>>> print(open('entry_26.cif').read())   # mmCIF, C-alpha atoms and all ligand atoms
data_my_file
loop_
_atom_site.label_atom_id
_atom_site.label_comp_id
_atom_site.auth_asym_id
_atom_site.auth_seq_id
_atom_site.Cartn_x
_atom_site.Cartn_y
_atom_site.Cartn_z
CA MET C 831 12.68 105.62 31.60
CA PRO C 832 13.25 103.74 34.87
CA ILE C 833 9.65 102.69 35.51
CA PRO C 834 7.36 101.80 32.60
CA GLY C 835 4.72 104.48 32.13
CA TRP C 836 6.75 107.24 33.86
CA MET C 837 8.30 110.14 31.93
CA ARG C 838 11.46 112.05 32.46
CA ALA C 839 10.42 115.60 33.40
CA SER C 840 13.93 116.94 34.08
CA GLU C 841 17.45 115.72 34.74
CA ASP C 842 16.55 113.99 37.99
CA LYS C 843 12.77 113.97 38.04
CA TYR C 844 10.35 111.40 36.69
CA VAL C 845 6.57 111.83 36.71
CA ARG C 846 3.61 109.71 35.80
CA PRO C 847 1.75 111.58 33.08
CA VAL C 848 -1.97 112.18 33.54
CA THR C 849 -3.52 111.24 30.21
CA THR C 850 -6.59 109.53 28.87
CA PRO C 851 -5.67 105.85 28.83
CA ARG C 852 -4.90 104.43 25.40
CA ASP C 853 -7.41 101.78 24.42
CA VAL C 854 -5.71 98.46 23.53
CA PRO C 855 -7.93 95.67 22.18
CA VAL C 856 -6.61 92.22 23.05
CA ALA C 857 -7.89 88.69 22.48
CA LEU C 858 -7.88 85.39 24.32
CA LEU C 859 -7.72 81.88 22.95
CA GLY C 860 -9.74 80.03 25.57
CA TYR C 861 -12.19 81.29 28.17
CA GLY C 862 -11.86 78.65 30.89
CA ALA C 863 -10.55 79.14 34.43
CA VAL C 864 -7.56 81.23 33.34
CA GLY C 865 -9.06 82.99 30.29
CA SER C 866 -12.13 84.20 32.14
CA ALA C 867 -9.95 85.27 35.08
CA VAL C 868 -7.80 87.38 32.75
CA ASP C 869 -10.92 89.09 31.43
CA ARG C 870 -12.21 89.60 34.97
CA HIS C 871 -8.89 91.03 36.15
CA LEU C 872 -8.70 93.49 33.26
CA ARG C 873 -12.30 94.63 33.81
CA ARG C 874 -12.28 94.78 37.63
CA HIS C 875 -8.91 96.50 37.91
CA GLN C 876 -9.18 98.66 34.81
CA GLY C 877 -8.80 101.92 36.78
CA GLU C 878 -5.64 101.01 38.65
CA LEU C 879 -4.10 99.32 35.60
CA ALA C 880 -4.75 102.44 33.50
CA ALA C 881 -3.40 104.73 36.23
CA ALA C 882 -0.23 102.66 36.43
CA THR C 883 0.38 102.27 32.70
CA GLY C 884 -1.74 104.73 30.70
CA LEU C 885 -3.25 101.71 28.92
CA ARG C 886 -6.71 100.23 28.96
CA LEU C 887 -6.53 96.62 27.83
CA ARG C 888 -9.90 95.36 26.69
CA VAL C 889 -10.75 91.79 25.74
CA VAL C 890 -12.59 92.09 22.44
CA HIS C 891 -12.54 88.42 21.36
CA ALA C 892 -12.27 85.15 23.26
CA LEU C 893 -12.11 81.92 21.31
CA VAL C 894 -14.31 79.12 22.69
CA ARG C 895 -15.67 75.83 21.41
CA ASP C 896 -19.20 76.30 22.69
CA LEU C 897 -20.90 79.70 22.77
CA THR C 898 -23.84 78.45 24.83
CA LYS C 899 -21.92 76.92 27.75
CA GLU C 900 -22.77 78.36 31.18
CA ARG C 901 -19.82 80.37 32.47
CA ALA C 902 -19.03 81.48 36.02
CA TYR C 903 -17.80 84.82 34.73
CA PRO C 904 -19.62 85.65 31.49
CA ALA C 905 -17.85 87.63 28.80
CA LEU C 906 -19.34 90.86 27.51
CA ASP C 907 -21.77 90.60 24.61
CA GLY C 908 -20.12 89.76 21.30
CA VAL C 909 -16.76 88.81 22.82
CA LEU C 910 -17.02 85.02 22.64
CA THR C 911 -16.38 83.59 19.22
CA THR C 912 -15.80 80.17 17.71
CA SER C 913 -13.83 81.70 14.85
CA PHE C 914 -10.07 81.88 15.18
CA GLU C 915 -9.98 83.67 11.80
CA ARG C 916 -11.96 86.51 13.32
CA ILE C 917 -9.18 87.10 15.84
CA LEU C 918 -6.41 86.59 13.31
CA GLY C 919 -8.03 89.01 10.90
CA ASP C 920 -8.77 91.77 13.39
CA GLY C 921 -6.11 94.37 12.73
CA GLN C 922 -7.01 96.23 15.93
CA VAL C 923 -5.90 93.31 18.09
CA VAL C 924 -2.21 93.65 18.87
CA ALA C 925 -1.82 91.03 21.57
CA VAL C 926 -3.32 87.60 22.13
CA ALA C 927 -3.06 85.26 25.13
CA GLU C 928 -3.23 81.54 24.30
CA LEU C 929 -4.93 79.86 27.26
CA MET C 930 -6.67 76.92 25.64
CA GLY C 931 -4.07 74.19 26.23
CA GLY C 932 -3.42 71.25 23.92
CA ILE C 933 -0.48 71.10 21.59
CA ASP C 934 -1.10 70.91 17.84
CA THR C 935 -3.88 73.45 17.40
CA SER C 936 -2.35 75.87 19.91
CA ARG C 937 0.98 75.69 18.12
CA ARG C 938 -0.65 76.31 14.74
CA TYR C 939 -2.62 79.29 16.08
CA ILE C 940 0.44 80.81 17.77
CA ASP C 941 2.46 80.51 14.54
CA LEU C 942 -0.33 82.15 12.55
CA LEU C 943 -0.65 84.98 15.07
CA LEU C 944 3.09 85.62 15.11
CA GLY C 945 3.08 85.49 11.31
CA ARG C 946 0.53 88.30 11.31
CA GLY C 947 2.77 90.38 13.57
CA LYS C 948 0.67 89.95 16.70
CA GLN C 949 2.25 89.72 20.14
CA VAL C 950 1.55 86.47 21.94
CA ALA C 951 1.52 85.27 25.54
CA THR C 952 0.91 81.64 26.46
CA ALA C 953 0.45 79.65 29.64
CA ASN C 954 0.71 76.37 27.76
CA LYS C 955 3.37 74.38 29.58
CA GLN C 956 2.79 71.12 27.71
CA LEU C 957 3.31 72.90 24.38
CA LEU C 958 6.43 74.72 25.57
CA ALA C 959 7.90 71.51 27.00
CA THR C 960 7.31 69.40 23.90
CA ASP C 961 7.18 71.40 20.70
CA GLY C 962 7.78 74.95 21.80
CA HIS C 963 11.41 75.70 22.55
CA ASP C 964 11.74 77.92 19.51
CA LEU C 965 8.86 79.99 20.90
CA LEU C 966 10.66 80.86 24.12
CA GLY C 967 12.26 84.04 22.85
CA ARG C 968 9.24 85.07 20.77
CA VAL C 969 6.28 84.80 23.13
CA ARG C 970 5.78 85.66 26.80
CA ILE C 971 5.39 82.60 28.99
CA GLY C 972 4.99 83.94 32.54
CA GLY C 973 1.73 82.05 33.05
CA SER C 974 3.21 78.67 32.15
CA VAL C 975 4.99 77.93 35.42
CA CYS C 976 4.12 78.46 39.08
CA GLY C 977 0.96 80.56 38.78
CA ALA C 978 1.44 84.06 40.15
CA ILE C 979 5.12 83.65 41.07
CA PRO C 980 7.26 85.76 38.69
CA LEU C 981 9.70 82.92 38.15
CA VAL C 982 10.21 83.28 34.39
CA GLU C 983 11.03 86.95 34.78
CA THR C 984 13.49 86.14 37.58
CA LEU C 985 15.23 83.42 35.56
CA VAL C 986 15.39 85.37 32.30
CA ARG C 987 16.10 88.91 33.46
CA GLY C 988 16.68 88.82 37.20
CA LEU C 989 19.93 86.88 37.47
CA PRO C 990 23.38 87.22 35.89
CA PRO C 991 23.46 85.09 32.71
CA GLY C 992 24.63 81.55 33.37
CA ALA C 993 24.74 82.08 37.13
CA CYS C 994 22.11 79.55 38.10
CA THR C 995 23.48 76.12 39.03
CA ARG C 996 20.46 74.36 40.53
CA VAL C 997 16.73 74.86 40.74
CA SER C 998 14.50 72.84 43.02
CA GLY C 999 10.89 73.29 43.88
CA VAL C 1000 7.30 72.32 44.33
CA VAL C 1001 5.83 73.40 41.01
CA ASN C 1002 2.45 71.66 40.91
CA GLY C 1003 -0.31 73.21 42.97
CA THR C 1004 -2.81 70.35 42.80
CA THR C 1005 -0.51 67.71 44.26
CA ASN C 1006 0.66 70.09 46.97
CA PHE C 1007 -2.97 70.81 47.79
CA LEU C 1008 -3.73 67.10 48.06
CA LEU C 1009 -0.70 66.34 50.24
CA ALA C 1010 -1.31 69.32 52.54
CA ARG C 1011 -5.01 68.49 52.86
CA MET C 1012 -4.28 64.86 53.63
CA GLU C 1013 -1.91 66.07 56.38
CA SER C 1014 -4.81 68.08 57.79
CA GLY C 1015 -7.14 65.09 57.92
CA SER C 1016 -8.88 64.96 54.54
CA SER C 1017 -9.00 61.78 52.54
CA ARG C 1018 -7.34 61.77 49.13
CA ALA C 1019 -10.72 61.66 47.40
CA GLU C 1020 -12.07 64.62 49.41
CA ALA C 1021 -8.93 66.64 48.73
CA LEU C 1022 -9.10 65.92 44.99
CA GLU C 1023 -12.74 66.93 44.85
CA GLU C 1024 -11.95 70.21 46.62
CA ALA C 1025 -9.00 70.88 44.27
CA ARG C 1026 -11.28 70.34 41.28
CA ARG C 1027 -13.89 72.68 42.75
CA ARG C 1028 -11.21 75.35 43.10
CA ARG C 1029 -10.19 74.74 39.49
CA TYR C 1030 -6.59 73.86 40.29
CA VAL C 1031 -6.76 70.54 38.45
CA GLU C 1032 -6.00 70.12 34.74
CA ARG C 1033 -8.81 68.99 32.43
CA ASP C 1034 -7.12 65.59 32.55
CA PRO C 1035 -6.23 65.13 36.27
CA THR C 1036 -3.64 62.47 35.47
CA GLU C 1037 -1.41 65.30 34.20
CA ASP C 1038 -1.22 66.58 37.77
CA LEU C 1039 -1.31 63.27 39.63
CA SER C 1040 1.24 61.47 37.43
CA GLY C 1041 3.79 64.28 37.75
CA ALA C 1042 3.61 65.15 34.02
CA ASP C 1043 2.52 68.73 34.74
CA ALA C 1044 5.39 69.24 37.18
CA ALA C 1045 7.80 67.60 34.71
CA ALA C 1046 6.74 69.97 31.90
CA LYS C 1047 7.27 72.94 34.19
CA MET C 1048 10.68 71.67 35.29
CA ALA C 1049 11.66 71.21 31.62
CA ILE C 1050 10.79 74.85 30.93
CA ILE C 1051 12.56 76.02 34.09
CA ALA C 1052 15.71 74.03 33.22
CA THR C 1053 15.71 75.41 29.68
CA LEU C 1054 15.48 78.97 30.96
CA ALA C 1055 17.98 78.44 33.77
CA PHE C 1056 20.69 76.62 31.83
CA GLY C 1057 20.11 77.59 28.21
CA ASP C 1058 19.94 74.17 26.56
CA PRO C 1059 16.52 72.90 25.45
CA VAL C 1060 15.08 70.34 27.86
CA THR C 1061 11.90 68.55 26.83
CA LEU C 1062 9.37 66.52 28.77
CA ASP C 1063 11.07 63.37 27.47
CA ASP C 1064 14.29 64.38 29.19
CA VAL C 1065 12.66 64.53 32.63
CA ALA C 1066 12.51 61.44 34.85
CA PHE C 1067 9.31 61.90 36.78
CA GLU C 1068 6.86 60.25 39.10
CA GLY C 1069 3.65 61.48 40.66
CA ILE C 1070 1.54 60.90 43.70
CA ASP C 1071 -0.65 58.21 42.09
CA GLN C 1072 0.36 55.68 44.73
CA LEU C 1073 0.09 57.96 47.76
CA ASP C 1074 -2.94 57.95 50.00
CA GLU C 1075 -3.71 59.63 53.32
CA HIS C 1076 -2.21 56.69 55.27
CA ALA C 1077 1.23 57.14 53.69
CA VAL C 1078 1.06 60.90 54.20
CA ARG C 1079 0.12 60.56 57.87
CA GLU C 1080 2.70 57.85 58.51
CA ALA C 1081 5.42 60.28 57.35
CA GLN C 1082 3.82 63.02 59.41
CA SER C 1083 3.95 60.86 62.55
CA ARG C 1084 7.75 60.74 62.13
CA GLY C 1085 8.08 64.54 61.83
CA LYS C 1086 8.34 64.35 58.03
CA ALA C 1087 6.31 65.63 55.10
CA LEU C 1088 5.90 64.19 51.61
CA ARG C 1089 6.13 66.65 48.74
CA LEU C 1090 6.44 66.30 44.96
CA VAL C 1091 9.80 67.97 44.34
CA GLY C 1092 11.42 68.89 41.04
CA ILE C 1093 15.18 69.27 40.78
CA ALA C 1094 17.03 70.68 37.78
CA THR C 1095 20.77 70.85 37.28
CA ARG C 1096 22.78 71.04 34.05
CA ARG C 1097 23.09 67.24 34.19
CA GLU C 1098 19.55 66.09 34.91
CA VAL C 1099 15.99 67.06 35.64
CA THR C 1100 13.78 64.98 37.91
CA VAL C 1101 10.43 65.11 39.66
CA LYS C 1102 10.04 62.78 42.64
CA VAL C 1103 7.99 62.26 45.76
CA THR C 1104 10.42 63.36 48.46
CA GLU C 1105 10.35 63.02 52.21
CA LEU C 1106 11.34 66.29 53.86
CA ASP C 1107 11.74 67.46 57.43
CA ALA C 1108 8.50 69.06 58.49
CA SER C 1109 10.35 72.38 58.94
CA HIS C 1110 11.66 72.47 55.34
CA PRO C 1111 10.29 75.48 53.39
CA PHE C 1112 8.70 73.13 50.82
CA ALA C 1113 7.04 71.11 53.60
CA LEU C 1114 5.46 74.28 54.98
CA LEU C 1115 3.59 75.04 51.74
CA CYS C 1116 -0.17 74.96 52.18
CA ASP C 1117 -2.98 74.80 49.68
CA ALA C 1118 -1.91 75.00 46.05
CA ASP C 1119 1.16 77.10 46.82
CA ASN C 1120 4.42 76.55 44.97
CA ALA C 1121 7.99 77.36 46.00
CA VAL C 1122 11.19 77.41 44.01
CA LEU C 1123 14.72 77.56 45.40
CA LEU C 1124 17.28 78.99 42.98
CA GLU C 1125 20.94 78.42 43.72
CA GLY C 1126 23.89 79.94 41.94
CA THR C 1127 26.91 82.15 41.73
CA GLY C 1128 26.72 85.49 43.45
CA PHE C 1129 23.11 85.39 44.60
CA ARG C 1130 23.73 82.13 46.52
CA GLN C 1131 20.11 81.18 47.24
CA LEU C 1132 16.77 82.72 46.35
CA LEU C 1133 13.46 81.32 47.53
CA LEU C 1134 10.33 82.33 45.66
CA ALA C 1135 6.99 81.17 46.98
CA GLY C 1136 3.33 81.92 46.42
CA PRO C 1137 0.11 80.85 44.73
CA GLY C 1138 0.95 78.21 42.13
CA ALA C 1139 -2.39 77.27 40.59
CA GLY C 1140 -5.87 78.62 40.02
CA GLY C 1141 -7.48 80.88 37.45
CA GLU C 1142 -7.04 84.17 39.25
CA GLU C 1143 -3.51 83.35 40.36
CA THR C 1144 -2.33 82.35 36.87
CA ALA C 1145 -4.18 85.32 35.37
CA SER C 1146 -1.93 87.57 37.44
CA ALA C 1147 1.07 86.37 35.42
CA VAL C 1148 -0.79 86.48 32.10
CA VAL C 1149 -2.01 90.03 32.68
CA ALA C 1150 1.55 91.08 33.52
CA ASP C 1151 2.69 89.49 30.24
CA LEU C 1152 -0.02 91.22 28.22
CA PHE C 1153 0.97 94.63 29.56
CA GLU C 1154 4.61 93.88 28.89
CA LEU C 1155 3.72 92.92 25.30
CA VAL C 1156 1.70 96.02 24.48
CA ARG C 1157 3.79 98.62 26.29
N1 LIG C 1201 -2.87 72.03 37.38
C1 LIG C 1201 -1.82 72.96 37.57
C2 LIG C 1201 -1.30 72.84 38.99
C3 LIG C 1201 -2.33 74.33 37.31
O1 LIG C 1201 -2.02 72.25 39.82
O2 LIG C 1201 -0.22 73.31 39.28
C4 LIG C 1201 -1.28 75.40 37.28
O3 LIG C 1201 -0.35 75.16 36.27
#
>>> encode(input="entry_26.cif", output="structure tokens")
Amino acid sequence: MPIPGWMRASEDKYVRPVTTPRDVPVALLGYGAVGSAVDRHLRRHQGELAAATGLRLRVVHALVRDLTKERAYPALDGVLTTSFERILGDGQVVAVAELMGGIDTSRRYIDLLLGRGKQVATANKQLLATDGHDLLGRVRIGGSVCGAIPLVETLVRGLPPGACTRVSGVVNGTTNFLLARMESGSSRAEALEEARRRRYVERDPTEDLSGADAAAKMAIIATLAFGDPVTLDDVAFEGIDQLDEHAVREAQSRGKALRLVGIATRREVTVKVTELDASHPFALLCDADNAVLLEGTGFRQLLLAGPGAGGEETASAVVADLFELVR
């Protein structure tokens, strides 16, 4: 079957069958910016998703800490729960997306879910970059790097094995947003406030500003690109803690742009503030966009760019993973 959801009708003809969509209950661990956006995407686009796949994914449980918290996009009645056991014990639920962050509890929950035969997707880059390499082949991780950009899929299935020799990129949306906004006249504080309002920033903003978020993503990218496990500890990184609007505009006045750039080769993985020509593709990134340049044998160079942070943007990758898991 060349396209998922299509059926072979004859030797050279494929059709999309018209059927009642199959109902597929799924669950979320976490109902923050990304979790609620996954629920919203599945509900708002239910018709087109069902037409494309014959499946109707429905969030039946979402694990939260506080049932009473005000939420921008409320879940349907009865969906929010504080009981992980309820999700684990629901035999109807075949796939779960872990979107709550943190390391120890997330890891324990993922192991328990896999142990019960459930399919799991996660967007948890810190977990994958510290204690999660053994999960890479067992869970879908499209939401863990570069928001909506299908980078994991490209690295894992889109290139000849072993062909990639170097990956460089802007992989943190918040810092790109800050740098781009400072170039456009905002102060650092104004830009950070706006990034928070748009929900690009991690719960602990130092993860973004110190470069730790970008470093975790580069560790995952290097592991996928080159095959050997790279952890956060292996990445030499810095952030934009020391950069204010004056430094950004001084570079700008010389026809340059400052960007937080990750570079991964088989030898080393780094994340550094880098001065680029203003015409460089990474320098042209606005808002919270990310871009990744893949270099290697045969394909030479591939540039992937697009929305790198935000609930809706990351939900795009998680929804794709959920459909892939349940198909
Ligand atoms: N805080 C992250 C970023 C969110 O700004 O890139 C997406 O991983």
>>> residues_near_ligand(input="entry_26.cif", ligand="ligand LIG 1201 (chain C)", cutoff="8 Å", atoms="only C-alpha atoms and all ligand atoms", output="list in words")
Lys955, Gly973, Ser974, Val975, Cys976, Gly977, Val1001, Asn1002, Gly1003, Thr1004, Thr1005, Asn1006, Tyr1030, Val1031, Glu1032, Pro1035, Glu1037, Asp1038, Asp1043, Ala1044, Ala1118, Gly1138, Ala1139, Gly1140 and Thr1144 of chain C
>>> atom_distance(input="entry_26.cif", atom1="CA of Val997 (chain C)", atom2="CA of Arg1011 (chain C)")
25.7 Å
>>> closest_residue(input="entry_26.cif", among="C:Ser1016, C:Ser1040, C:Ser913, C:Thr952", to="Phe1067 (chain C)", atoms="all atoms listed in the file")
C:Ser1040
>>> residues_near_point(input="entry_26.cif", point="(-8.9, 85.0, 34.9)", cutoff="8 Å", atoms="all atoms listed in the file", output="list of chain:residue names")
C:Ala863, C:Val864, C:Gly865, C:Ser866, C:Ala867, C:Val868, C:Asp869, C:Arg870, C:His871, C:Gly1141, C:Glu1142, C:Glu1143, C:Thr1144, C:Ala1145, C:Ser1146
>>> closest_residue(input="entry_26.cif", among="C:Asp896, C:Glu1020, C:Glu928, C:Asp1107", to="Gly860 (chain C)", atoms="all atoms listed in the file")
C:Glu928
>>> atom_distance(input="entry_26.cif", atom1="CA of Leu879 (chain C)", atom2="CA of Val1149 (chain C)")
10.0 Å
>>> closest_residue(input="entry_26.cif", among="C:Leu893, C:Ala1021, C:Val1000, C:Pro1137", to="Gly908 (chain C)", atoms="only C-alpha atoms")
C:Leu893
>>> closest_residue(input="entry_26.cif", among="C:Glu915, C:Asp1064, C:Asp964, C:Asp920", to="Arg937 (chain C)", atoms="all atoms listed in the file")
C:Asp964
>>> atom_distance(input="entry_26.cif", atom1="CA of Leu1114 (chain C)", atom2="CA of Ala1010 (chain C)")
8.7 Å
>>> closest_residue(input="entry_26.cif", among="C:Ala1113, C:Pro855, C:Leu944, C:Tyr861", to="Tyr903 (chain C)", atoms="only C-alpha atoms")
C:Tyr861
>>> axis_aligned_box(input="entry_26.cif", around="region 960-968 of chain C", padding_each_side="6 Å", output="AutoDock Vina command-line options")
--center_x 9.7 --center_y 77.2 --center_z 21.8 --size_x 17.1 --size_y 27.7 --size_z 16.6
>>> residues_around(input="entry_26.cif", residues="Ala1077 (chain C)", least_positions_apart="5", cutoff="12 Å", atoms="only C-alpha atoms", output="list in words")
Leu1009, Met1012, Glu1013, Ser1017, Arg1018, Ile1070, Asp1071, Gln1072, Gln1082, Ser1083, Arg1084, Lys1086, Ala1087, Leu1088, Arg1089, Val1103 and Glu1105 of chain C
>>> residues_around(input="entry_26.cif", residues="region 1130-1133 of chain C", least_positions_apart="6", cutoff="9 Å", atoms="all atoms listed in the file", output="list in words")
Cys994, Pro1111, Ala1121, Val1122, Leu1123 and Leu1124 of chain C
>>> closest_residue(input="entry_26.cif", among="C:Arg852, C:Arg1028, C:Arg1079, C:Arg1096", to="Ala1049 (chain C)", atoms="all atoms listed in the file")
C:Arg1096
>>> residues_around(input="entry_26.cif", residues="Glu1068 (chain C)", least_positions_apart="2", cutoff="7 Å", atoms="only C-alpha atoms", output="ChimeraX atom specification")
/C:1040-1041,1101-1102
>>> residues_around(input="entry_26.cif", residues="Ala1055 (chain C)", least_positions_apart="5", cutoff="10 Å", atoms="all atoms listed in the file", output="number ranges by chain")
C: 982, 984-986, 989, 991-997, 1049-1050, 1094-1096, 1124
>>> residues_around(input="entry_26.cif", residues="Ala1150 (chain C)", least_positions_apart="4", cutoff="10 Å", atoms="only C-alpha atoms", output="PDB file with C-alpha atoms, in the frame of the given file")
ATOM      1  CA  ALA C 951       1.520  85.270  25.540  1.00  0.00           C
ATOM      2  CA  ARG C 970       5.780  85.660  26.800  1.00  0.00           C
ATOM      3  CA  GLY C 972       4.990  83.940  32.540  1.00  0.00           C
ATOM      4  CA  GLY C 973       1.730  82.050  33.050  1.00  0.00           C
ATOM      5  CA  ALA C 978       1.440  84.060  40.150  1.00  0.00           C
ATOM      6  CA  PRO C 980       7.260  85.760  38.690  1.00  0.00           C
ATOM      7  CA  ALA C1145      -4.180  85.320  35.370  1.00  0.00           C
ATOM      8  CA  SER C1146      -1.930  87.570  37.440  1.00  0.00           C
ATOM      9  CA  GLU C1154       4.610  93.880  28.890  1.00  0.00           C
ATOM     10  CA  LEU C1155       3.720  92.920  25.300  1.00  0.00           C
TER      11      LEU C1155
END
>>> decode(input="entry_26.cif", residues="region 1029-1109 of chain C", atoms="C-alpha atoms", output="PDB file, in the first residue's frame")
ATOM      1  CA  ARG C1029       4.099  29.834  25.147  1.00  0.00           C
ATOM      2  CA  TYR C1030       7.406  29.210  23.408  1.00  0.00           C
ATOM      3  CA  VAL C1031       9.384  29.284  26.639  1.00  0.00           C
ATOM      4  CA  GLU C1032      10.005  26.233  28.834  1.00  0.00           C
ATOM      5  CA  ARG C1033       8.535  26.182  32.348  1.00  0.00           C
ATOM      6  CA  ASP C1034      12.066  26.985  33.501  1.00  0.00           C
ATOM      7  CA  PRO C1035      13.253  29.684  31.023  1.00  0.00           C
ATOM      8  CA  THR C1036      16.907  29.037  31.845  1.00  0.00           C
ATOM      9  CA  GLU C1037      16.595  25.824  29.822  1.00  0.00           C
ATOM     10  CA  ASP C1038      16.097  27.967  26.736  1.00  0.00           C
ATOM     11  CA  LEU C1039      18.356  30.886  27.625  1.00  0.00           C
ATOM     12  CA  SER C1040      21.316  28.798  28.825  1.00  0.00           C
ATOM     13  CA  GLY C1041      21.353  26.684  25.657  1.00  0.00           C
ATOM     14  CA  ALA C1042      20.412  23.475  27.539  1.00  0.00           C
ATOM     15  CA  ASP C1043      17.262  22.982  25.456  1.00  0.00           C
ATOM     16  CA  ALA C1044      19.196  23.369  22.205  1.00  0.00           C
ATOM     17  CA  ALA C1045      21.929  21.064  23.549  1.00  0.00           C
ATOM     18  CA  ALA C1046      19.398  18.327  24.385  1.00  0.00           C
ATOM     19  CA  LYS C1047      17.938  18.586  20.897  1.00  0.00           C
ATOM     20  CA  MET C1048      21.391  18.455  19.292  1.00  0.00           C
ATOM     21  CA  ALA C1049      22.203  15.347  21.370  1.00  0.00           C
ATOM     22  CA  ILE C1050      19.082  13.631  20.021  1.00  0.00           C
ATOM     23  CA  ILE C1051      19.808  14.792  16.479  1.00  0.00           C
ATOM     24  CA  ALA C1052      23.421  13.554  16.665  1.00  0.00           C
ATOM     25  CA  THR C1053      22.285  10.190  18.026  1.00  0.00           C
ATOM     26  CA  LEU C1054      19.817   9.751  15.186  1.00  0.00           C
ATOM     27  CA  ALA C1055      22.202  11.049  12.524  1.00  0.00           C
ATOM     28  CA  PHE C1056      25.307   9.096  13.494  1.00  0.00           C
ATOM     29  CA  GLY C1057      24.017   6.111  15.443  1.00  0.00           C
ATOM     30  CA  ASP C1058      26.076   6.377  18.630  1.00  0.00           C
ATOM     31  CA  PRO C1059      24.309   7.610  21.779  1.00  0.00           C
ATOM     32  CA  VAL C1060      25.091  11.245  22.543  1.00  0.00           C
ATOM     33  CA  THR C1061      23.867  12.649  25.848  1.00  0.00           C
ATOM     34  CA  LEU C1062      23.459  16.186  27.127  1.00  0.00           C
ATOM     35  CA  ASP C1063      26.744  15.765  29.004  1.00  0.00           C
ATOM     36  CA  ASP C1064      28.566  15.217  25.719  1.00  0.00           C
ATOM     37  CA  VAL C1065      27.464  18.573  24.302  1.00  0.00           C
ATOM     38  CA  ALA C1066      29.547  21.712  24.868  1.00  0.00           C
ATOM     39  CA  PHE C1067      26.981  24.458  24.971  1.00  0.00           C
ATOM     40  CA  GLU C1068      26.398  28.092  25.747  1.00  0.00           C
ATOM     41  CA  GLY C1069      23.289  30.229  25.620  1.00  0.00           C
ATOM     42  CA  ILE C1070      22.290  33.801  25.120  1.00  0.00           C
ATOM     43  CA  ASP C1071      22.364  34.702  28.837  1.00  0.00           C
ATOM     44  CA  GLN C1072      24.959  37.392  28.228  1.00  0.00           C
ATOM     45  CA  LEU C1073      23.421  38.903  25.095  1.00  0.00           C
ATOM     46  CA  ASP C1074      21.315  42.018  25.205  1.00  0.00           C
ATOM     47  CA  GLU C1075      19.823  44.235  22.505  1.00  0.00           C
ATOM     48  CA  HIS C1076      23.008  46.344  22.332  1.00  0.00           C
ATOM     49  CA  ALA C1077      25.167  43.368  21.335  1.00  0.00           C
ATOM     50  CA  VAL C1078      22.564  42.217  18.826  1.00  0.00           C
ATOM     51  CA  ARG C1079      22.321  45.654  17.213  1.00  0.00           C
ATOM     52  CA  GLU C1080      26.076  46.160  17.176  1.00  0.00           C
ATOM     53  CA  ALA C1081      26.412  42.974  15.082  1.00  0.00           C
ATOM     54  CA  GLN C1082      23.512  44.121  12.937  1.00  0.00           C
ATOM     55  CA  SER C1083      25.236  47.444  12.224  1.00  0.00           C
ATOM     56  CA  ARG C1084      28.119  45.452  10.677  1.00  0.00           C
ATOM     57  CA  GLY C1085      25.805  43.426   8.393  1.00  0.00           C
ATOM     58  CA  LYS C1086      25.903  40.428  10.749  1.00  0.00           C
ATOM     59  CA  ALA C1087      23.357  38.505  12.795  1.00  0.00           C
ATOM     60  CA  LEU C1088      23.813  36.587  16.046  1.00  0.00           C
ATOM     61  CA  ARG C1089      22.171  33.176  16.226  1.00  0.00           C
ATOM     62  CA  LEU C1090      22.402  30.236  18.633  1.00  0.00           C
ATOM     63  CA  VAL C1091      23.744  27.518  16.342  1.00  0.00           C
ATOM     64  CA  GLY C1092      24.136  23.815  17.041  1.00  0.00           C
ATOM     65  CA  ILE C1093      26.658  21.750  15.111  1.00  0.00           C
ATOM     66  CA  ALA C1094      26.909  17.961  15.209  1.00  0.00           C
ATOM     67  CA  THR C1095      29.543  15.809  13.564  1.00  0.00           C
ATOM     68  CA  ARG C1096      30.712  12.302  14.458  1.00  0.00           C
ATOM     69  CA  ARG C1097      33.495  13.910  16.526  1.00  0.00           C
ATOM     70  CA  GLU C1098      31.679  16.566  18.528  1.00  0.00           C
ATOM     71  CA  VAL C1099      28.430  18.321  19.246  1.00  0.00           C
ATOM     72  CA  THR C1100      28.311  21.993  20.194  1.00  0.00           C
ATOM     73  CA  VAL C1101      25.843  24.823  20.680  1.00  0.00           C
ATOM     74  CA  LYS C1102      27.285  28.325  20.438  1.00  0.00           C
ATOM     75  CA  VAL C1103      26.302  31.908  19.823  1.00  0.00           C
ATOM     76  CA  THR C1104      27.533  32.446  16.274  1.00  0.00           C
ATOM     77  CA  GLU C1105      27.931  35.554  14.181  1.00  0.00           C
ATOM     78  CA  LEU C1106      26.579  34.980  10.679  1.00  0.00           C
ATOM     79  CA  ASP C1107      26.314  37.077   7.553  1.00  0.00           C
ATOM     80  CA  ALA C1108      22.898  38.680   7.520  1.00  0.00           C
ATOM     81  CA  SER C1109      22.088  36.763   4.310  1.00  0.00           C
TER      82      SER C1109
END
